[in-house]
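**Student:** Pasting a structure here, questions to come.
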Amino acid sequence: MDVRTTPARLREAARETVRDARLASGPPLRPTRRAWQFDVLVALVLGIATVYYGIDNADVVVVREIAPGVVHVVPRPSGPGGLAFMVTLAVIASGALALRRRHPLAVLCVVTAATLATPQSVGRLTFYAFVIAVYSAAVYSPYRVATLAALPVSVALVGTSGNSVAPIVPNQYIALLILVPMAVAAVGLRTWKLRTDEGRIRLSALEREQAEALRRAVEHERARIARELHDVVTHNVSVMIIQAGAARKIMNTSPEQAGEALLAVEAGGRAAMTELRHVMGLLTMGSEGEGTDGDADLADTAADLAPQPGLDQLETLVGRVRDTGLPVDLTVTGRPRPLPPGLELAAYRVVQEALTNTVKHASGASAAVTVAYGPQRLRVEVTDTGGHPGAGVAAGNGRGLIGLRERLAVHDGTLNTGRRLTGGYRVEALIPLETP
């Protein structure tokens, strides 16, 4: 229960009001160079006009008829001192407007003080500057609470002073005062339209750039998936076709060997399915399979999340190729050491693609795989002795080698391919390594 007295609550409310008045409701305005130049021009024009008005009205006595037959003599500052006083007021009030966007409240205080000091007989010296200062504080000040408090106070002070009556506008200036606001409004509308058009153009350009970036990302992802599918499907299916063909030929004469060939086909199919899960898992991860239960689902998830093949699985890869009848020698030189998974996958795909091409296009040949760990680079070389294309094998389109070059380029590696002088084909990949 609140037991504070009314004075205590009032004091607390006053403290909160003062604290809120010191807090900005937003960042201070940082005028552009064009806005700064415009404010300086306004201050200069108004300053010249008011200084000229002060000089022109020095040592002038104004007689006003306040009633029929009753006149009132309004004295104006006279002499050098009066002239200097009027010029000073005009310069201060007009010159402060150059900072009306950056420090609107400070400008309002300065112009209000100059307006209060201006004699009633020469109210035009500071009246127009006061109007502009009030407008600027209301529009540009980030201190909203302080502004809402300062504006009524300034208007009330000026209204209750000797300058409570606005200066009389001569008839010859009435047309100007009508045309100037119209011109300002027209310029403002034109500026708003130009800024709106510029914003629309920038938004359209941004949308086009985003659409183009999305299109490039989709194309890049499609190419990456196509490379993965090519590497997985081409190798395993080629091996399976050769083994199945061999089993068919020897099924009647050597059932045991045919059974071994069929087991190799089954193993190749399982390997293909495992690697296909890797590829498809990249596309479906996070959107499917959430909330699964049971050991079988957990096993499938574990298989999907298993690591991609690396150089430690080359023996298994070479063994599957040997089962097709292609003699393959595997040689590893240097000190093997852990490498980044992406780099190992790229090297593995080089051996896989080269051996697949040998099986398809060099039947009856023998192959040799060399992996050399150097201090600054990894060299992977696959050579074969040459042979003839297998039955029913179409000519390649080179997509596999293109995919290998793109894979290696990610790791700043290079791929060299070509026929050997002694016959056969050679594939060599050079991948830079970080110095341990």
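Identifiers in this document derive from the order of the structure tokens: chains are assigned A, B, ..., residues are numbered from 1 separately in each chain, and ligands are numbered from 1 in order of occurrence.
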Which polymer residues have any atom within 8 Å of an atom of segment 88-93 of chain A, counting only C-alpha atoms, with same-chain residues fewer than 3 positions away left out, as a PDB file with N, CA, C and O atoms, in the first residue's frame?
**Tutor:**
ATOM      1  N   GLY A  47      18.974  37.347 -42.096  1.00  0.00           N
ATOM      2  CA  GLY A  47      19.855  38.293 -41.406  1.00  0.00           C
ATOM      3  C   GLY A  47      20.035  39.577 -42.198  1.00  0.00           C
ATOM      4  O   GLY A  47      19.978  40.682 -41.638  1.00  0.00           O
ATOM      5  N   THR A  50      16.683  41.615 -42.030  1.00  0.00           N
ATOM      6  CA  THR A  50      16.401  42.244 -40.731  1.00  0.00           C
ATOM      7  C   THR A  50      17.428  43.324 -40.393  1.00  0.00           C
ATOM      8  O   THR A  50      17.078  44.345 -39.781  1.00  0.00           O
ATOM      9  N   VAL A  51      18.686  43.138 -40.753  1.00  0.00           N
ATOM     10  CA  VAL A  51      19.679  44.196 -40.527  1.00  0.00           C
ATOM     11  C   VAL A  51      19.329  45.440 -41.348  1.00  0.00           C
ATOM     12  O   VAL A  51      19.407  46.585 -40.863  1.00  0.00           O
ATOM     13  N   GLY A  54      16.531  47.139 -39.595  1.00  0.00           N
ATOM     14  CA  GLY A  54      16.982  47.889 -38.423  1.00  0.00           C
ATOM     15  C   GLY A  54      17.662  49.187 -38.792  1.00  0.00           C
ATOM     16  O   GLY A  54      17.426  50.239 -38.171  1.00  0.00           O
ATOM     17  N   ALA A  84      23.288  49.967 -33.215  1.00  0.00           N
ATOM     18  CA  ALA A  84      24.100  48.789 -32.918  1.00  0.00           C
ATOM     19  C   ALA A  84      23.282  47.729 -32.184  1.00  0.00           C
ATOM     20  O   ALA A  84      23.431  46.521 -32.413  1.00  0.00           O
ATOM     21  N   PHE A  85      22.389  48.187 -31.294  1.00  0.00           N
ATOM     22  CA  PHE A  85      21.551  47.243 -30.547  1.00  0.00           C
ATOM     23  C   PHE A  85      20.632  46.467 -31.489  1.00  0.00           C
ATOM     24  O   PHE A  85      20.503  45.244 -31.388  1.00  0.00           O
ATOM     25  N   ALA A  96      21.473  32.299 -35.521  1.00  0.00           N
ATOM     26  CA  ALA A  96      21.239  31.052 -34.797  1.00  0.00           C
ATOM     27  C   ALA A  96      20.480  30.037 -35.628  1.00  0.00           C
ATOM     28  O   ALA A  96      20.585  28.821 -35.399  1.00  0.00           O
ATOM     29  N   LEU A  97      19.727  30.488 -36.612  1.00  0.00           N
ATOM     30  CA  LEU A  97      18.932  29.562 -37.430  1.00  0.00           C
ATOM     31  C   LEU A  97      19.800  28.630 -38.264  1.00  0.00           C
ATOM     32  O   LEU A  97      19.306  27.620 -38.777  1.00  0.00           O
ATOM     33  N   VAL A 110      17.898  30.760 -27.660  1.00  0.00           N
ATOM     34  CA  VAL A 110      18.621  31.977 -28.061  1.00  0.00           C
ATOM     35  C   VAL A 110      17.687  32.954 -28.761  1.00  0.00           C
ATOM     36  O   VAL A 110      17.668  34.155 -28.467  1.00  0.00           O
ATOM     37  N   VAL A 111      16.875  32.453 -29.696  1.00  0.00           N
ATOM     38  CA  VAL A 111      15.982  33.343 -30.445  1.00  0.00           C
ATOM     39  C   VAL A 111      14.892  33.900 -29.529  1.00  0.00           C
ATOM     40  O   VAL A 111      14.485  35.072 -29.667  1.00  0.00           O
ATOM     41  N   ALA A 114      16.408  36.744 -27.662  1.00  0.00           N
ATOM     42  CA  ALA A 114      16.555  37.911 -28.528  1.00  0.00           C
ATOM     43  C   ALA A 114      15.211  38.570 -28.794  1.00  0.00           C
ATOM     44  O   ALA A 114      15.095  39.804 -28.844  1.00  0.00           O
ATOM     45  N   THR A 115      14.158  37.759 -28.918  1.00  0.00           N
ATOM     46  CA  THR A 115      12.819  38.310 -29.162  1.00  0.00           C
ATOM     47  C   THR A 115      12.313  39.079 -27.954  1.00  0.00           C
ATOM     48  O   THR A 115      11.693  40.150 -28.076  1.00  0.00           O
ATOM     49  N   ALA A 117      14.125  40.638 -25.872  1.00  0.00           N
ATOM     50  CA  ALA A 117      14.902  41.872 -25.743  1.00  0.00           C
ATOM     51  C   ALA A 117      14.590  42.892 -26.829  1.00  0.00           C
ATOM     52  O   ALA A 117      15.061  44.034 -26.764  1.00  0.00           O
ATOM     53  N   THR A 118      13.801  42.509 -27.829  1.00  0.00           N
ATOM     54  CA  THR A 118      13.512  43.411 -28.945  1.00  0.00           C
ATOM     55  C   THR A 118      12.395  44.396 -28.566  1.00  0.00           C
ATOM     56  O   THR A 118      11.342  43.977 -28.068  1.00  0.00           O
ATOM     57  N   LEU A 125      12.392  42.638 -36.239  1.00  0.00           N
ATOM     58  CA  LEU A 125      13.798  42.242 -36.176  1.00  0.00           C
ATOM     59  C   LEU A 125      13.947  40.758 -35.834  1.00  0.00           C
ATOM     60  O   LEU A 125      14.816  40.068 -36.380  1.00  0.00           O
ATOM     61  N   THR A 126      13.122  40.269 -34.941  1.00  0.00           N
ATOM     62  CA  THR A 126      13.300  38.886 -34.451  1.00  0.00           C
ATOM     63  C   THR A 126      12.038  38.042 -34.565  1.00  0.00           C
ATOM     64  O   THR A 126      12.093  36.837 -34.283  1.00  0.00           O
ATOM     65  N   ALA A 129      12.331  35.159 -37.176  1.00  0.00           N
ATOM     66  CA  ALA A 129      13.295  34.160 -36.688  1.00  0.00           C
ATOM     67  C   ALA A 129      12.681  33.325 -35.567  1.00  0.00           C
ATOM     68  O   ALA A 129      12.917  32.116 -35.463  1.00  0.00           O
ATOM     69  N   PHE A 130      11.855  33.983 -34.718  1.00  0.00           N
ATOM     70  CA  PHE A 130      11.201  33.249 -33.630  1.00  0.00           C
ATOM     71  C   PHE A 130      10.220  32.208 -34.175  1.00  0.00           C
ATOM     72  O   PHE A 130      10.159  31.083 -33.693  1.00  0.00           O
TER      73      PHE A 130
END
**Student:** Determine, counting only C-alpha atoms, which protein, DNA and RNA residues have an atom within 8 Å of an atom of Val427 of chain A; residues of the same chain fewer than 2 positions away are not included. Present the result as an MDAnalysis selection string.
**Tutor:** chainID A and resid 354 381:383 415:418 425 429
**Student:** Report as a tab-separated table: every residue of segment 294-393 of chain A with an atom at most 9 Å from segment 398-410 of chain A, its closest pair of atoms, and their distance in Å to one decimal, counting only C-alpha atoms, with rows sorted by chain and ascending residue number.
**Tutor:**
residue	atom	partner	partner_atom	distance
A:Leu343	CA	A:Leu408	CA	8.0
A:Ala346	CA	A:Arg407	CA	6.1
A:Ala347	CA	A:Leu408	CA	8.2
A:Arg349	CA	A:Leu404	CA	7.3
A:Val350	CA	A:Leu404	CA	6.5
A:Glu353	CA	A:Gly400	CA	6.8
A:Ala354	CA	A:Leu401	CA	8.7
**Student:** Which neighbours of Ser363 of chain A fall inside 6 Å, counting only C-alpha atoms, when residues of the same chain fewer than 2 positions from it are skipped, and could you give them as a list in words?
**Tutor:**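 Here the qualifying residues turn out to be Val359, Ala365, Gly387, His388, Pro389 and Gly390 of chain A.
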**Student:** Go ahead and compute the interatomic distance for atom CA of His220 of chain A and atom CA of His411 of chain A, in Å to one decimal.
**Tutor:** 16.7 Å
**Student:** So that I can check the surroundings of Leu151 of chain A, please list as an MDAnalysis selection string every protein, DNA and RNA residue that reaches within 8 Å of it, counting only C-alpha atoms and ignoring chain neighbours fewer than 3 positions away.
**Tutor:** chainID A and resid 134 137:138 147:148 154:155
**Student:** What would the file look like if the residues just selected were written as an mmCIF file, in the first residue's frame with C-alpha atoms?
**Tutor:**
data_model
loop_
_atom_site.group_PDB
_atom_site.id
_atom_site.type_symbol
_atom_site.label_atom_id
_atom_site.label_comp_id
_atom_site.auth_asym_id
_atom_site.auth_seq_id
_atom_site.Cartn_x
_atom_site.Cartn_y
_atom_site.Cartn_z
ATOM 1 C CA VAL A 134 9.527 27.350 -32.874
ATOM 2 C CA ALA A 137 12.140 22.786 -32.338
ATOM 3 C CA ALA A 138 8.790 21.089 -32.878
ATOM 4 C CA THR A 147 10.346 20.349 -26.379
ATOM 5 C CA LEU A 148 6.720 20.017 -25.311
ATOM 6 C CA SER A 154 8.562 30.402 -25.155
ATOM 7 C CA VAL A 155 5.281 31.343 -26.823
#
